[in-house]
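Notes to accompany the following structure.
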Amino acid sequence: MKVKILTQYPKQTIIVDNVYFSSDLHLNHKSILGFGRKFESIEEMNNTIINNINSKVKKNDLLVLLGDHLFGENKNYQELIDSFVCDNIIMLYGNHCNIGKIQETTVLYQGYYLELQIDKQIIVCSHYPIIHWNYQSDGSIMIFGHLHGFKSEITKQTSEYKTMDVGIDCSDNYEPFSYQEILEKLKDKTFIQR
C-alpha cells in the first residue's frame, strides 16, 4: 500500500502493508474509567489497549494516532511508541497532549493536522472534527477523535457524509480501525458538495 504524507515538505512516500487509525487512548487516565470504559484498573486498560493495537498493527504497517495518547503528569511518549510493534507511527496533537514531549520522539510525522494519500484516496485527519475539509467535494474522507463517540447535533449532521470518529472508544473492543474498515463504513455516505 502506497502512502504519501501530503502535509509534509518534502512530501514523504512510504510503502506499508496496511494503515490503522485511532485516537484518544487516554492511557494512564484514571478518571476515564468512570466514563464507560469497562476496566477494573488503569493497568488493565493500558495493557488491553496496547495489546489490542499490537495484535492488529504489525511491524510494516502504519499507525496514525489522532491525539490524546497519554494522560497524567509523566507523559513518556517515546516509551509509548516503543511499546508498539509497528515501526511507522504518526502522532497528531490533541488537547491533552504535551506537545514539547511529543516533539522529542521519533515518529514519521507529528502536528495538529494531517493529509494522507493512500493509493488514490485522500484522508484528512485531525484530533477535532472538521465540518469543511480539503478535497471534500473530490471524495476525501475526514477522520477525527476527541468526541469519544459522543454525537452532538453538528456531528449527527456531518455523519451523513464521509466523516468518522476513530477514537478507541468507538471500536467494539478498544482496537484501532483499519483503512479497509473505514472505507467499508463510509462507502454509502455522500460527498459534501461546495
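Ordering of the C-alpha cells sets the chain letters (A, B, ...), residue numbers begin anew at 1 in every chain, and ligands are numbered from 1 in the order given.
The shell of residues at most 8 Å from Asn88 (chain A), with only C-alpha atoms counted and near chain neighbours (fewer than 2 positions) removed, consists of A:Lys59, A:Asn60, A:Asp61, A:Leu62, A:Leu63, A:Cys86, A:Ile90, A:Val107, A:Leu108.
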Convert the current residue selection to file output with all heavy atoms, as a PDB file, in the first residue's frame.
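again_12.pdb, written as the output of this step:
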```
ATOM      1  N   LYS A  59       4.478  -4.844  12.167  1.00  0.00           N
ATOM      2  CA  LYS A  59       5.734  -4.092  12.034  1.00  0.00           C
ATOM      3  C   LYS A  59       5.750  -3.185  10.803  1.00  0.00           C
ATOM      4  O   LYS A  59       6.142  -2.027  10.878  1.00  0.00           O
ATOM      5  CB  LYS A  59       6.901  -5.072  12.001  1.00  0.00           C
ATOM      6  CG  LYS A  59       8.267  -4.431  12.065  1.00  0.00           C
ATOM      7  CD  LYS A  59       9.342  -5.494  12.192  1.00  0.00           C
ATOM      8  CE  LYS A  59      10.720  -4.914  12.314  1.00  0.00           C
ATOM      9  NZ  LYS A  59      10.951  -4.113  13.509  1.00  0.00           N
ATOM     10  N   ASN A  60       5.307  -3.671   9.664  1.00  0.00           N
ATOM     11  CA  ASN A  60       5.377  -2.898   8.422  1.00  0.00           C
ATOM     12  C   ASN A  60       4.059  -2.205   8.081  1.00  0.00           C
ATOM     13  O   ASN A  60       3.790  -1.891   6.941  1.00  0.00           O
ATOM     14  CB  ASN A  60       5.824  -3.787   7.252  1.00  0.00           C
ATOM     15  CG  ASN A  60       6.231  -2.946   6.056  1.00  0.00           C
ATOM     16  OD1 ASN A  60       6.956  -1.963   6.196  1.00  0.00           O
ATOM     17  ND2 ASN A  60       5.761  -3.306   4.877  1.00  0.00           N
ATOM     18  N   ASP A  61       3.221  -1.964   9.085  1.00  0.00           N
ATOM     19  CA  ASP A  61       2.004  -1.184   8.889  1.00  0.00           C
ATOM     20  C   ASP A  61       2.284   0.271   9.256  1.00  0.00           C
ATOM     21  O   ASP A  61       3.385   0.604   9.706  1.00  0.00           O
ATOM     22  CB  ASP A  61       0.872  -1.729   9.770  1.00  0.00           C
ATOM     23  CG  ASP A  61       0.387  -3.105   9.332  1.00  0.00           C
ATOM     24  OD1 ASP A  61       0.532  -3.435   8.142  1.00  0.00           O
ATOM     25  OD2 ASP A  61      -0.126  -3.842  10.191  1.00  0.00           O
ATOM     26  N   LEU A  62       1.271   1.108   9.097  1.00  0.00           N
ATOM     27  CA  LEU A  62       1.327   2.499   9.540  1.00  0.00           C
ATOM     28  C   LEU A  62       0.241   2.692  10.582  1.00  0.00           C
ATOM     29  O   LEU A  62      -0.918   2.346  10.352  1.00  0.00           O
ATOM     30  CB  LEU A  62       1.095   3.458   8.362  1.00  0.00           C
ATOM     31  CG  LEU A  62       0.912   4.943   8.705  1.00  0.00           C
ATOM     32  CD1 LEU A  62       2.149   5.520   9.386  1.00  0.00           C
ATOM     33  CD2 LEU A  62       0.571   5.738   7.441  1.00  0.00           C
ATOM     34  N   LEU A  63       0.613   3.239  11.746  1.00  0.00           N
ATOM     35  CA  LEU A  63      -0.327   3.545  12.816  1.00  0.00           C
ATOM     36  C   LEU A  63      -0.426   5.065  12.941  1.00  0.00           C
ATOM     37  O   LEU A  63       0.569   5.735  13.190  1.00  0.00           O
ATOM     38  CB  LEU A  63       0.146   2.939  14.141  1.00  0.00           C
ATOM     39  CG  LEU A  63      -0.687   3.259  15.385  1.00  0.00           C
ATOM     40  CD1 LEU A  63      -2.120   2.742  15.235  1.00  0.00           C
ATOM     41  CD2 LEU A  63      -0.022   2.666  16.629  1.00  0.00           C
ATOM     42  N   CYS A  86       4.663  -1.820  15.684  1.00  0.00           N
ATOM     43  CA  CYS A  86       4.731  -1.065  14.436  1.00  0.00           C
ATOM     44  C   CYS A  86       5.926  -0.107  14.407  1.00  0.00           C
ATOM     45  O   CYS A  86       6.204   0.583  15.392  1.00  0.00           O
ATOM     46  CB  CYS A  86       3.424  -0.277  14.277  1.00  0.00           C
ATOM     47  SG  CYS A  86       3.318   0.648  12.755  1.00  0.00           S
ATOM     48  N   ILE A  90       2.564   7.876  13.189  1.00  0.00           N
ATOM     49  CA  ILE A  90       2.265   9.302  13.077  1.00  0.00           C
ATOM     50  C   ILE A  90       1.473   9.684  14.316  1.00  0.00           C
ATOM     51  O   ILE A  90       0.555   8.959  14.716  1.00  0.00           O
ATOM     52  CB  ILE A  90       1.456   9.598  11.798  1.00  0.00           C
ATOM     53  CG1 ILE A  90       2.339   9.414  10.563  1.00  0.00           C
ATOM     54  CG2 ILE A  90       0.853  10.995  11.837  1.00  0.00           C
ATOM     55  CD1 ILE A  90       1.617   9.553   9.240  1.00  0.00           C
ATOM     56  N   VAL A 107       9.006   9.870  15.300  1.00  0.00           N
ATOM     57  CA  VAL A 107       7.841   9.415  14.549  1.00  0.00           C
ATOM     58  C   VAL A 107       7.963   9.947  13.120  1.00  0.00           C
ATOM     59  O   VAL A 107       8.748  10.849  12.849  1.00  0.00           O
ATOM     60  CB  VAL A 107       6.512   9.876  15.195  1.00  0.00           C
ATOM     61  CG1 VAL A 107       6.279   9.177  16.532  1.00  0.00           C
ATOM     62  CG2 VAL A 107       6.455  11.376  15.370  1.00  0.00           C
ATOM     63  N   LEU A 108       7.164   9.381  12.220  1.00  0.00           N
ATOM     64  CA  LEU A 108       7.213   9.812  10.820  1.00  0.00           C
ATOM     65  C   LEU A 108       6.760  11.251  10.640  1.00  0.00           C
ATOM     66  O   LEU A 108       7.293  11.992   9.825  1.00  0.00           O
ATOM     67  CB  LEU A 108       6.317   8.922   9.956  1.00  0.00           C
ATOM     68  CG  LEU A 108       6.804   7.520   9.682  1.00  0.00           C
ATOM     69  CD1 LEU A 108       5.723   6.731   8.950  1.00  0.00           C
ATOM     70  CD2 LEU A 108       8.077   7.552   8.862  1.00  0.00           C
TER      71      LEU A 108
END
```
Inset, instruction - Excluding Trp133 (chain A) and any residue of its chain fewer than 4 positions from it, enumerate the residues within 10 Å of it, using only C-alpha atoms, and give them as a PyMOL selection string. - result: chain A and resi 123-125+129+137+140-142+192
Legend entry - Residue neighbourhood Asn46 (chain A), 10 Å, only C-alpha atoms, exclusion window fewer than 4 positions, as a list in words: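 Returned residues: Leu25, His26, Leu27, Asn28, His29, Phe39, Ser41, Ile42, Ile50, Asn51, Asn52 and Leu70 of chain A.
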Inset, instruction - Based on DSSP run over this structure's backbone, return all residues of region 27-80 of chain A in strand (DSSP E or B), as a ChimeraX atom specification. - result: /A:27,62-65,70
Residues from last step as file, N, CA, C and O atoms, as a compact mmCIF listing (two decimals), in the first residue's frame:
```
# COMPACT_ATOMS: atom_id res chain seq x y z
N LEU A 27 -4.25 6.66 27.88
CA LEU A 27 -3.55 5.74 28.76
C LEU A 27 -3.15 6.47 30.03
O LEU A 27 -2.85 7.66 30.01
N LEU A 62 1.27 1.11 9.10
CA LEU A 62 1.33 2.50 9.54
C LEU A 62 0.24 2.69 10.58
O LEU A 62 -0.92 2.35 10.35
N LEU A 63 0.61 3.24 11.75
CA LEU A 63 -0.33 3.55 12.82
C LEU A 63 -0.43 5.06 12.94
O LEU A 63 0.57 5.73 13.19
N VAL A 64 -1.65 5.59 12.75
CA VAL A 64 -1.89 7.02 12.85
C VAL A 64 -2.72 7.26 14.10
O VAL A 64 -3.87 6.80 14.19
N LEU A 65 -2.15 7.98 15.06
CA LEU A 65 -2.82 8.29 16.32
C LEU A 65 -3.20 9.76 16.32
O LEU A 65 -2.34 10.64 16.18
N LEU A 70 -1.73 9.92 25.94
CA LEU A 70 -1.39 9.67 27.35
C LEU A 70 -2.04 10.72 28.23
O LEU A 70 -2.34 11.82 27.77
```
Inset, instruction - Write out as a VMD selection string the residues lying within 12 Å of Thr105 (chain A), counting only C-alpha atoms and excluding same-chain residues fewer than 5 positions away. - result: chain A and resid 75 to 82 89 to 91 98 to 100 110
Give me, as CSV, the closest atom pair and its distance (Å, one decimal) for every residue of region 68-102 of chain A within a cut-off of 12 Å of region 159-183 of chain A, counting only C-alpha atoms, rows sorted by chain and rising number.
```
residue,atom,partner,partner_atom,distance
A:Asp68,CA,A:Gly167,CA,9.7
A:His69,CA,A:Ile168,CA,10.3
A:Gly94,CA,A:Gly167,CA,11.8
```
Inset, instruction - Measuring atom to atom with only C-alpha atoms, identify which of A:Glu73, A:Asp87, A:Glu40, A:Asp17 is nearest to Lys101 (chain A). - result: A:Glu73
Inset, instruction - From a DSSP calculation on the backbone, collect every residue of region 47-171 of chain A in helix (DSSP H, G or I) and output the set as number ranges by chain. - result: A: 47-56, 77-83, 99-102, 136-138, 153-158, 168-170
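One finds CA of Ser126 (chain A) at 19.8 Å from CA of Asn18 (chain A).
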Legend entry - Residue contacts of Gly111 (chain A) (8 Å, only C-alpha atoms) excluding same-chain residues fewer than 2 positions away, as a list in words: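 Final neighbour list, sorted by chain and number: Met91, Leu92, Tyr93, Tyr109, Tyr113 and Leu114 of chain A.
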Can you write just those residues out, all heavy atoms, as an mmCIF file, in the first residue's frame?
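Okay, part.cif is ready:
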```cif
data_model
loop_
_atom_site.group_PDB
_atom_site.id
_atom_site.type_symbol
_atom_site.label_atom_id
_atom_site.label_comp_id
_atom_site.auth_asym_id
_atom_site.auth_seq_id
_atom_site.Cartn_x
_atom_site.Cartn_y
_atom_site.Cartn_z
ATOM 1 N N MET A 91 1.825 10.825 14.922
ATOM 2 C CA MET A 91 1.105 11.299 16.115
ATOM 3 C C MET A 91 0.618 12.715 15.887
ATOM 4 O O MET A 91 1.414 13.612 15.609
ATOM 5 C CB MET A 91 2.012 11.280 17.350
ATOM 6 C CG MET A 91 2.409 9.913 17.819
ATOM 7 S SD MET A 91 3.411 9.985 19.313
ATOM 8 C CE MET A 91 2.241 9.353 20.494
ATOM 9 N N LEU A 92 -0.689 12.888 16.007
ATOM 10 C CA LEU A 92 -1.244 14.237 15.983
ATOM 11 C C LEU A 92 -1.439 14.715 17.411
ATOM 12 O O LEU A 92 -1.566 13.926 18.332
ATOM 13 C CB LEU A 92 -2.576 14.263 15.226
ATOM 14 C CG LEU A 92 -2.502 13.943 13.733
ATOM 15 C CD1 LEU A 92 -3.856 14.196 13.079
ATOM 16 C CD2 LEU A 92 -1.421 14.733 13.033
ATOM 17 N N TYR A 93 -1.461 16.028 17.562
ATOM 18 C CA TYR A 93 -1.628 16.627 18.879
ATOM 19 C C TYR A 93 -3.114 16.723 19.223
ATOM 20 O O TYR A 93 -3.924 17.104 18.388
ATOM 21 C CB TYR A 93 -1.044 18.033 18.927
ATOM 22 C CG TYR A 93 0.378 18.156 18.433
ATOM 23 C CD1 TYR A 93 0.780 19.284 17.730
ATOM 24 C CD2 TYR A 93 1.331 17.169 18.691
ATOM 25 C CE1 TYR A 93 2.085 19.430 17.285
ATOM 26 C CE2 TYR A 93 2.634 17.305 18.240
ATOM 27 C CZ TYR A 93 3.014 18.443 17.540
ATOM 28 O OH TYR A 93 4.296 18.575 17.100
ATOM 29 N N TYR A 109 5.720 11.619 11.377
ATOM 30 C CA TYR A 109 5.141 12.960 11.251
ATOM 31 C C TYR A 109 4.391 13.260 12.535
ATOM 32 O O TYR A 109 3.832 12.377 13.168
ATOM 33 C CB TYR A 109 4.177 13.006 10.058
ATOM 34 C CG TYR A 109 3.423 14.316 9.929
ATOM 35 C CD1 TYR A 109 3.994 15.406 9.285
ATOM 36 C CD2 TYR A 109 2.154 14.454 10.481
ATOM 37 C CE1 TYR A 109 3.310 16.617 9.181
ATOM 38 C CE2 TYR A 109 1.464 15.659 10.377
ATOM 39 C CZ TYR A 109 2.055 16.734 9.735
ATOM 40 O OH TYR A 109 1.373 17.920 9.642
ATOM 41 N N TYR A 113 -2.571 18.618 12.254
ATOM 42 C CA TYR A 113 -3.402 18.319 11.090
ATOM 43 C C TYR A 113 -2.601 17.435 10.146
ATOM 44 O O TYR A 113 -1.372 17.543 10.067
ATOM 45 C CB TYR A 113 -3.770 19.644 10.417
ATOM 46 C CG TYR A 113 -4.538 19.538 9.139
ATOM 47 C CD1 TYR A 113 -5.921 19.396 9.152
ATOM 48 C CD2 TYR A 113 -3.905 19.608 7.901
ATOM 49 C CE1 TYR A 113 -6.647 19.329 7.967
ATOM 50 C CE2 TYR A 113 -4.617 19.538 6.719
ATOM 51 C CZ TYR A 113 -5.982 19.398 6.758
ATOM 52 O OH TYR A 113 -6.704 19.327 5.587
ATOM 53 N N LEU A 114 -3.285 16.562 9.431
ATOM 54 C CA LEU A 114 -2.600 15.635 8.534
ATOM 55 C C LEU A 114 -3.465 15.358 7.318
ATOM 56 O O LEU A 114 -4.677 15.155 7.443
ATOM 57 C CB LEU A 114 -2.333 14.319 9.281
ATOM 58 C CG LEU A 114 -1.794 13.137 8.485
ATOM 59 C CD1 LEU A 114 -0.351 13.389 8.050
ATOM 60 C CD2 LEU A 114 -1.885 11.864 9.315
#
```
Inset, instruction - Between A:Ile53, A:Ile143, A:Ile131, A:Leu116, single out the one closest to Gln12 (chain A), counting only C-alpha atoms. - result: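 Closest to Gln12 (chain A), using only C-alpha atoms: A:Leu116.
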Inset, instruction - Would you mind telling me which residue in A:Ser31, A:Glu43, A:Asp24, A:Gln103 lies nearest to Gly145 (chain A) when using only C-alpha atoms? - result: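 Result for the nearest residue to Gly145 (chain A): A:Asp24.
Each of A:Lys120, A:Lys187, A:His127, A:His132 was compared to Met1 (chain A) using only C-alpha atoms, and A:Lys120 turns out to be the nearest.
Relative to CA of Ile14 (chain A), CA of Ile130 (chain A) is found at 26.2 Å.
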